[in-house]
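Containing compact mmCIF, C-alpha atoms: run27.txt.
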```
# COMPACT_ATOMS: atom_id res chain seq x y z
CA ASP A 1 47.48 -73.81 -56.29
CA ALA A 2 50.51 -71.65 -56.91
CA LYS A 3 51.73 -71.84 -60.47
CA THR A 4 55.14 -70.38 -59.75
CA THR A 5 58.28 -71.54 -57.97
CA GLN A 6 60.59 -69.11 -56.24
CA PRO A 7 63.52 -69.58 -53.86
CA PRO A 8 62.41 -68.93 -50.29
CA SER A 9 65.15 -66.43 -49.56
CA MET A 10 68.01 -64.49 -51.10
CA ASP A 11 70.60 -62.03 -49.91
CA CYS A 12 72.02 -59.07 -51.75
CA ALA A 13 74.60 -56.44 -50.91
CA GLU A 14 73.45 -52.86 -50.88
CA GLY A 15 74.18 -51.12 -54.18
CA ARG A 16 74.46 -54.36 -56.10
CA ALA A 17 71.91 -55.77 -58.50
CA ALA A 18 69.38 -58.19 -57.07
CA ASN A 19 68.27 -60.91 -59.47
CA LEU A 20 65.18 -62.79 -58.34
CA PRO A 21 64.27 -65.90 -60.35
CA CYS A 22 60.87 -67.40 -60.90
CA ASN A 23 59.85 -70.60 -62.65
CA HIS A 24 56.44 -70.78 -64.28
CA SER A 25 56.69 -73.79 -66.56
CA THR A 26 52.92 -74.23 -66.93
CA ILE A 27 52.21 -70.68 -68.03
CA SER A 28 49.70 -70.44 -70.84
CA GLY A 29 49.94 -68.26 -73.88
CA ASN A 30 47.74 -65.43 -72.65
CA GLU A 31 48.96 -65.29 -69.08
CA TYR A 32 51.04 -62.41 -67.86
CA VAL A 33 53.89 -62.50 -65.36
CA TYR A 34 53.41 -60.04 -62.51
CA TRP A 35 55.74 -59.11 -59.71
CA TYR A 36 54.61 -57.62 -56.44
CA ARG A 37 56.46 -57.06 -53.21
CA GLN A 38 55.42 -56.79 -49.59
CA ILE A 39 57.50 -54.87 -47.11
CA HIS A 40 57.02 -56.20 -43.60
CA SER A 41 53.24 -56.67 -43.38
CA GLN A 42 52.42 -53.60 -45.46
CA GLY A 43 50.04 -53.92 -48.39
CA PRO A 44 51.54 -55.67 -51.43
CA GLN A 45 52.95 -53.23 -53.97
CA TYR A 46 52.93 -53.71 -57.71
CA ILE A 47 56.37 -53.67 -59.33
CA ILE A 48 56.17 -54.72 -62.96
CA HIS A 49 54.52 -57.13 -65.36
CA GLY A 50 55.11 -58.56 -68.82
CA LEU A 51 53.84 -61.01 -71.39
CA LYS A 52 56.67 -61.92 -73.75
CA ASN A 53 59.06 -59.02 -74.08
CA ASN A 54 61.45 -57.77 -71.46
CA GLU A 55 60.12 -54.82 -69.54
CA THR A 56 61.69 -51.98 -67.58
CA ASN A 57 60.26 -49.27 -65.40
CA GLU A 58 61.54 -46.96 -62.73
CA MET A 59 61.56 -49.72 -60.14
CA ALA A 60 62.89 -52.77 -61.90
CA SER A 61 63.47 -54.80 -65.04
CA LEU A 62 61.74 -58.01 -65.96
CA ILE A 63 63.47 -60.57 -68.15
CA ILE A 64 61.25 -63.33 -69.54
CA THR A 65 62.83 -66.30 -71.28
CA GLU A 66 61.89 -66.97 -74.86
CA ASP A 67 59.90 -70.08 -73.93
CA ARG A 68 58.23 -68.03 -71.13
CA LYS A 69 58.80 -70.78 -68.61
CA SER A 70 60.86 -68.61 -66.33
CA SER A 71 61.59 -65.00 -65.59
CA THR A 72 63.94 -62.84 -63.54
CA LEU A 73 63.17 -59.64 -61.70
CA ILE A 74 66.15 -57.33 -61.55
CA LEU A 75 66.53 -54.53 -59.04
CA PRO A 76 69.54 -52.75 -60.53
CA HIS A 77 70.87 -51.06 -57.40
CA ALA A 78 69.33 -52.63 -54.33
CA THR A 79 68.91 -50.50 -51.22
CA LEU A 80 68.05 -51.44 -47.66
CA ARG A 81 64.47 -50.34 -48.34
CA ASP A 82 64.18 -53.07 -50.97
CA THR A 83 64.23 -55.70 -48.24
CA ALA A 84 60.85 -57.39 -48.71
CA VAL A 85 59.05 -60.52 -49.82
CA TYR A 86 58.83 -60.59 -53.61
CA TYR A 87 55.97 -62.44 -55.26
CA CYS A 88 55.97 -63.73 -58.80
CA ILE A 89 52.44 -64.31 -60.06
CA VAL A 90 51.18 -65.58 -63.37
CA GLY A 91 47.69 -65.19 -64.58
CA TRP A 92 45.14 -62.95 -66.06
CA GLY A 93 45.14 -62.08 -69.70
CA SER A 94 41.82 -63.79 -70.26
CA GLY A 95 39.82 -60.65 -69.84
CA GLY A 96 37.19 -62.42 -67.83
CA SER A 97 36.26 -64.00 -64.50
CA ASN A 98 37.39 -62.95 -61.07
CA TYR A 99 40.55 -60.97 -61.04
CA LYS A 100 42.17 -62.74 -58.14
CA LEU A 101 45.87 -62.66 -57.53
CA THR A 102 47.15 -65.97 -56.21
CA PHE A 103 50.12 -65.22 -54.01
CA GLY A 104 52.55 -68.04 -53.28
CA LYS A 105 55.18 -67.87 -50.57
CA GLY A 106 57.45 -65.53 -52.50
CA THR A 107 61.15 -64.82 -51.99
CA LEU A 108 62.37 -62.95 -48.95
CA LEU A 109 65.05 -60.63 -50.26
CA THR A 110 67.36 -59.26 -47.60
CA VAL A 111 69.57 -56.39 -48.64
CA ASN A 112 72.61 -56.17 -46.43
CA PRO A 113 74.69 -53.04 -45.77
CA GLU B 1 47.13 -39.05 -54.17
CA ALA B 2 45.72 -42.29 -55.52
CA GLN B 3 45.25 -44.68 -52.66
CA VAL B 4 43.29 -47.38 -50.92
CA THR B 5 42.57 -46.65 -47.28
CA GLN B 6 41.44 -48.99 -44.53
CA ASN B 7 40.15 -48.32 -41.05
CA PRO B 8 40.90 -49.21 -38.39
CA ARG B 9 44.50 -50.23 -38.85
CA TYR B 10 44.53 -52.23 -35.63
CA LEU B 11 41.63 -53.74 -33.76
CA ILE B 12 41.27 -55.94 -30.72
CA THR B 13 37.82 -57.31 -30.05
CA VAL B 14 36.06 -60.17 -28.32
CA THR B 15 34.27 -63.16 -29.73
CA GLY B 16 30.81 -62.38 -31.02
CA LYS B 17 31.02 -58.62 -31.08
CA LYS B 18 30.10 -57.40 -34.53
CA LEU B 19 32.66 -55.25 -36.29
CA THR B 20 33.18 -53.52 -39.61
CA VAL B 21 36.44 -52.79 -41.37
CA THR B 22 36.08 -50.00 -43.90
CA CYS B 23 37.84 -49.77 -47.23
CA SER B 24 37.79 -46.80 -49.56
CA GLN B 25 39.53 -46.02 -52.85
CA ASN B 26 39.76 -42.70 -54.65
CA MET B 27 40.67 -44.00 -58.11
CA ASN B 28 37.16 -44.66 -59.42
CA HIS B 29 37.99 -48.35 -59.66
CA GLU B 30 35.22 -50.76 -60.46
CA TYR B 31 36.81 -53.81 -58.87
CA MET B 32 37.46 -54.20 -55.14
CA SER B 33 38.48 -57.20 -53.10
CA TRP B 34 39.29 -58.36 -49.60
CA TYR B 35 42.16 -60.69 -48.69
CA ARG B 36 43.34 -62.14 -45.43
CA GLN B 37 46.94 -63.06 -44.76
CA ASP B 38 48.00 -65.71 -42.28
CA PRO B 39 51.46 -67.15 -41.61
CA GLY B 40 52.23 -70.03 -43.93
CA LEU B 41 49.00 -69.59 -45.89
CA GLY B 42 49.77 -66.49 -47.92
CA LEU B 43 47.03 -64.14 -49.06
CA ARG B 44 43.60 -65.65 -49.56
CA GLN B 45 40.69 -63.87 -51.13
CA ILE B 46 37.57 -63.45 -49.00
CA TYR B 47 35.12 -61.55 -51.21
CA TYR B 48 35.27 -59.42 -54.29
CA SER B 49 33.09 -56.92 -56.10
CA MET B 50 33.02 -56.25 -59.80
CA ASN B 51 30.96 -53.06 -59.40
CA VAL B 52 28.29 -51.39 -57.30
CA GLU B 53 25.82 -53.94 -55.93
CA VAL B 54 27.80 -56.80 -57.50
CA THR B 55 29.66 -58.97 -55.02
CA ASP B 56 30.77 -62.59 -54.92
CA LYS B 57 32.59 -65.05 -52.72
CA GLY B 58 36.27 -65.65 -52.89
CA ASP B 59 38.12 -68.63 -51.45
CA VAL B 60 37.39 -68.13 -47.75
CA PRO B 61 34.07 -66.25 -47.36
CA GLU B 62 32.72 -68.06 -44.27
CA GLY B 63 32.06 -65.71 -41.39
CA TYR B 64 32.28 -62.55 -43.47
CA LYS B 65 29.89 -60.24 -45.25
CA VAL B 66 30.47 -57.37 -47.64
CA SER B 67 28.46 -54.68 -49.33
CA ARG B 68 29.09 -52.36 -52.25
CA LYS B 69 26.58 -49.55 -52.16
CA GLU B 70 28.97 -46.97 -53.51
CA LYS B 71 31.78 -47.37 -55.98
CA ARG B 72 34.46 -46.09 -53.66
CA ASN B 73 33.60 -48.10 -50.53
CA PHE B 74 33.73 -51.81 -49.82
CA PRO B 75 33.31 -52.57 -46.10
CA LEU B 76 34.08 -55.98 -44.62
CA ILE B 77 31.66 -57.06 -41.92
CA LEU B 78 32.23 -59.71 -39.28
CA GLU B 79 28.81 -60.36 -37.76
CA SER B 80 30.09 -62.64 -35.00
CA PRO B 81 33.88 -62.69 -34.96
CA SER B 82 35.70 -65.76 -33.74
CA PRO B 83 39.36 -66.28 -32.78
CA ASN B 84 40.10 -68.03 -36.10
CA GLN B 85 39.41 -64.72 -37.82
CA THR B 86 42.43 -63.20 -36.16
CA SER B 87 44.45 -62.16 -39.15
CA LEU B 88 45.92 -59.37 -41.25
CA TYR B 89 43.36 -58.07 -43.73
CA PHE B 90 43.98 -56.25 -46.98
CA CYS B 91 41.60 -54.44 -49.25
CA ALA B 92 42.54 -54.07 -52.91
CA SER B 93 41.13 -52.38 -55.97
CA SER B 94 41.72 -52.29 -59.69
CA LEU B 95 40.25 -50.31 -62.54
CA LEU B 96 38.28 -52.93 -64.44
CA GLY B 97 38.97 -56.18 -62.65
CA GLY B 98 37.79 -59.16 -64.60
CA ARG B 99 37.10 -57.23 -67.77
CA ALA B 100 40.71 -56.19 -68.34
CA VAL B 101 43.27 -58.24 -70.19
CA GLU B 102 46.11 -56.93 -68.07
CA GLU B 103 45.83 -54.90 -64.95
CA THR B 104 47.36 -54.26 -61.58
CA GLN B 105 45.82 -54.23 -58.15
CA TYR B 106 46.34 -51.55 -55.55
CA PHE B 107 46.40 -52.64 -51.95
CA GLY B 108 45.49 -50.85 -48.77
CA PRO B 109 47.86 -50.68 -45.78
CA GLY B 110 46.22 -53.56 -43.95
CA THR B 111 44.12 -54.05 -40.81
CA ARG B 112 45.47 -56.24 -38.07
CA LEU B 113 42.62 -57.90 -36.19
CA LEU B 114 42.84 -59.83 -32.95
CA VAL B 115 39.74 -61.66 -31.76
CA LEU B 116 39.92 -62.82 -28.15
```
What does this structure look like when you write it as structure tokens?
Amino acid sequence: DAKTTQPPSMDCAEGRAANLPCNHSTISGNEYVYWYRQIHSQGPQYIIHGLKNNETNEMASLIITEDRKSSTLILPHATLRDTAVYYCIVGWGSGGSNYKLTFGKGTLLTVNP
Amino acid sequence: EAQVTQNPRYLITVTGKKLTVTCSQNMNHEYMSWYRQDPGLGLRQIYYSMNVEVTDKGDVPEGYKVSRKEKRNFPLILESPSPNQTSLYFCASSLLGGRAVEETQYFGPGTRLLVL
């Protein structure tokens, strides 16, 4: 069962920041928060992940609340090519067992011109 | 370029005709996995492999076989395809799989299969 809750869809204007929320209230202490995206039936693409601290890379920033029950993925300057389904996934961190990503329904982000 | 490749990308076949979808990665990853994606059901894992000659079932293994004779290749075999196996299939790999505390998976471009 999915352990995350995301809004089914969001819109964003091109050039503006896109803020995608994710609730993961049952996250355990050693579980990471991962974000992937899937552009129109292509293979899912890794974006970013974090445990407790906020993270930033060339694609996005990840803000994790202090209680770790929710997080926000930020695309600072969304472009039309960022239109995709964004998946928030929690898990791993145990160092054992099958490394299976459990994808929920994700958020369809539509970037409008 | 680091990548996961799948072939074919598109396939139309008939019920009962054996087929193989190939998957190859050039990153020397130990872990490889197959998923299928269906509308409303998300991605579901079919089989995975922790290393050469080590494979195990995922959530929906019925009707599929896999093999891992070489580290880079992980073919998906449908011995007798049926229409309910019509789906979009993804192969994925990661460096250490279950032995890593944190890790990312790399996905192939997908294979769209239609079984008539």
Go ahead and compute the interatomic distance for CA of Asn54 (chain A) and CA of Tyr34 (chain A), in Å to one decimal.
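About the pair CA of Asn54 (chain A) and CA of Tyr34 (chain A): they are 12.2 Å apart.
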What is the CA of Gln45 (chain B)-CA of Ser67 (chain B) distance in Å, reported with one decimal?
15.4 Å
Skip Asp82 (chain A) itself and residues of its chain fewer than 4 positions away, then list as a PyMOL selection string all residues within 10 Å of it, counting all atoms listed in the file.
chain A and resi 12+14+18+37-39+75+77-78+86+109-111
Selected residues written out with C-alpha atoms, as a compact mmCIF listing (two decimals), keeping the file's coordinate frame:
```
# COMPACT_ATOMS: atom_id res chain seq x y z
CA CYS A 12 72.02 -59.07 -51.75
CA GLU A 14 73.45 -52.86 -50.88
CA ALA A 18 69.38 -58.19 -57.07
CA ARG A 37 56.46 -57.06 -53.21
CA GLN A 38 55.42 -56.79 -49.59
CA ILE A 39 57.50 -54.87 -47.11
CA LEU A 75 66.53 -54.53 -59.04
CA HIS A 77 70.87 -51.06 -57.40
CA ALA A 78 69.33 -52.63 -54.33
CA TYR A 86 58.83 -60.59 -53.61
CA LEU A 109 65.05 -60.63 -50.26
CA THR A 110 67.36 -59.26 -47.60
CA VAL A 111 69.57 -56.39 -48.64
```
Cut-off 9 Å around (44.4, -51.5, -53.6) with all atoms listed in the file: residues as number ranges by chain
A: 43-45; B: 3-5, 25, 32-33, 90-94, 104-109
Expected residue set, 9 Å radius at (31.0, -62.5, -39.6), only C-alpha atoms, as JSON, numbers by chain
{"B": [16, 18, 19, 62, 63, 64, 65, 76, 77, 78, 79, 80, 81, 82, 85]}
Computed interatomic separation between CA of Phe103 (chain A) and CA of Gln6 (chain A) (Å)
11.4 Å
If we count only C-alpha atoms, which residues of chain B reach to within 12 Å of chain A? Please list them as a PDB file with C-alpha atoms, keeping the file's coordinate frame.
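Below you can see result_34.pdb, which holds the result:
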```
ATOM      1  CA  GLN B   3      45.250 -44.680 -52.660  1.00  0.00           C
ATOM      2  CA  VAL B   4      43.290 -47.380 -50.920  1.00  0.00           C
ATOM      3  CA  THR B   5      42.570 -46.650 -47.280  1.00  0.00           C
ATOM      4  CA  GLN B   6      41.440 -48.990 -44.530  1.00  0.00           C
ATOM      5  CA  ARG B   9      44.500 -50.230 -38.850  1.00  0.00           C
ATOM      6  CA  GLU B  30      35.220 -50.760 -60.460  1.00  0.00           C
ATOM      7  CA  TYR B  31      36.810 -53.810 -58.870  1.00  0.00           C
ATOM      8  CA  MET B  32      37.460 -54.200 -55.140  1.00  0.00           C
ATOM      9  CA  SER B  33      38.480 -57.200 -53.100  1.00  0.00           C
ATOM     10  CA  TRP B  34      39.290 -58.360 -49.600  1.00  0.00           C
ATOM     11  CA  TYR B  35      42.160 -60.690 -48.690  1.00  0.00           C
ATOM     12  CA  ARG B  36      43.340 -62.140 -45.430  1.00  0.00           C
ATOM     13  CA  GLN B  37      46.940 -63.060 -44.760  1.00  0.00           C
ATOM     14  CA  ASP B  38      48.000 -65.710 -42.280  1.00  0.00           C
ATOM     15  CA  PRO B  39      51.460 -67.150 -41.610  1.00  0.00           C
ATOM     16  CA  GLY B  40      52.230 -70.030 -43.930  1.00  0.00           C
ATOM     17  CA  LEU B  41      49.000 -69.590 -45.890  1.00  0.00           C
ATOM     18  CA  GLY B  42      49.770 -66.490 -47.920  1.00  0.00           C
ATOM     19  CA  LEU B  43      47.030 -64.140 -49.060  1.00  0.00           C
ATOM     20  CA  ARG B  44      43.600 -65.650 -49.560  1.00  0.00           C
ATOM     21  CA  GLN B  45      40.690 -63.870 -51.130  1.00  0.00           C
ATOM     22  CA  ILE B  46      37.570 -63.450 -49.000  1.00  0.00           C
ATOM     23  CA  TYR B  47      35.120 -61.550 -51.210  1.00  0.00           C
ATOM     24  CA  TYR B  48      35.270 -59.420 -54.290  1.00  0.00           C
ATOM     25  CA  SER B  49      33.090 -56.920 -56.100  1.00  0.00           C
ATOM     26  CA  MET B  50      33.020 -56.250 -59.800  1.00  0.00           C
ATOM     27  CA  ASN B  51      30.960 -53.060 -59.400  1.00  0.00           C
ATOM     28  CA  VAL B  54      27.800 -56.800 -57.500  1.00  0.00           C
ATOM     29  CA  THR B  55      29.660 -58.970 -55.020  1.00  0.00           C
ATOM     30  CA  ASP B  56      30.770 -62.590 -54.920  1.00  0.00           C
ATOM     31  CA  LYS B  57      32.590 -65.050 -52.720  1.00  0.00           C
ATOM     32  CA  GLY B  58      36.270 -65.650 -52.890  1.00  0.00           C
ATOM     33  CA  ASP B  59      38.120 -68.630 -51.450  1.00  0.00           C
ATOM     34  CA  SER B  87      44.450 -62.160 -39.150  1.00  0.00           C
ATOM     35  CA  LEU B  88      45.920 -59.370 -41.250  1.00  0.00           C
ATOM     36  CA  TYR B  89      43.360 -58.070 -43.730  1.00  0.00           C
ATOM     37  CA  PHE B  90      43.980 -56.250 -46.980  1.00  0.00           C
ATOM     38  CA  CYS B  91      41.600 -54.440 -49.250  1.00  0.00           C
ATOM     39  CA  ALA B  92      42.540 -54.070 -52.910  1.00  0.00           C
ATOM     40  CA  SER B  93      41.130 -52.380 -55.970  1.00  0.00           C
ATOM     41  CA  SER B  94      41.720 -52.290 -59.690  1.00  0.00           C
ATOM     42  CA  LEU B  95      40.250 -50.310 -62.540  1.00  0.00           C
ATOM     43  CA  LEU B  96      38.280 -52.930 -64.440  1.00  0.00           C
ATOM     44  CA  GLY B  97      38.970 -56.180 -62.650  1.00  0.00           C
ATOM     45  CA  GLY B  98      37.790 -59.160 -64.600  1.00  0.00           C
ATOM     46  CA  ARG B  99      37.100 -57.230 -67.770  1.00  0.00           C
ATOM     47  CA  ALA B 100      40.710 -56.190 -68.340  1.00  0.00           C
ATOM     48  CA  VAL B 101      43.270 -58.240 -70.190  1.00  0.00           C
ATOM     49  CA  GLU B 102      46.110 -56.930 -68.070  1.00  0.00           C
ATOM     50  CA  GLU B 103      45.830 -54.900 -64.950  1.00  0.00           C
ATOM     51  CA  THR B 104      47.360 -54.260 -61.580  1.00  0.00           C
ATOM     52  CA  GLN B 105      45.820 -54.230 -58.150  1.00  0.00           C
ATOM     53  CA  TYR B 106      46.340 -51.550 -55.550  1.00  0.00           C
ATOM     54  CA  PHE B 107      46.400 -52.640 -51.950  1.00  0.00           C
ATOM     55  CA  GLY B 108      45.490 -50.850 -48.770  1.00  0.00           C
ATOM     56  CA  PRO B 109      47.860 -50.680 -45.780  1.00  0.00           C
ATOM     57  CA  GLY B 110      46.220 -53.560 -43.950  1.00  0.00           C
ATOM     58  CA  THR B 111      44.120 -54.050 -40.810  1.00  0.00           C
ATOM     59  CA  ARG B 112      45.470 -56.240 -38.070  1.00  0.00           C
TER      60      ARG B 112
END
```
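Of the residues under consideration (A:Gly15, A:Thr4, A:Val90, A:Met10), A:Val90 shows the shortest atom-to-atom contact distance to Gly29 (chain A) when counting all atoms listed in the file.
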Report, as JSON, the centre and edge lengths in Å (one decimal) of the axis-aligned box enclosing every listed atom of region 65-82 of chain B, padded by 4 Å on each side.
```
{"center_x": 31.1, "center_y": -55.9, "center_z": -44.9, "size_x": 17.1, "size_y": 27.7, "size_z": 30.2}
```
Find the residues near Leu108 (chain A): any atom within 6 Å, counting only C-alpha atoms, skip ones fewer than 2 places away on the same chain, and give them as a PyMOL selection string.
chain A and resi 9+84-85
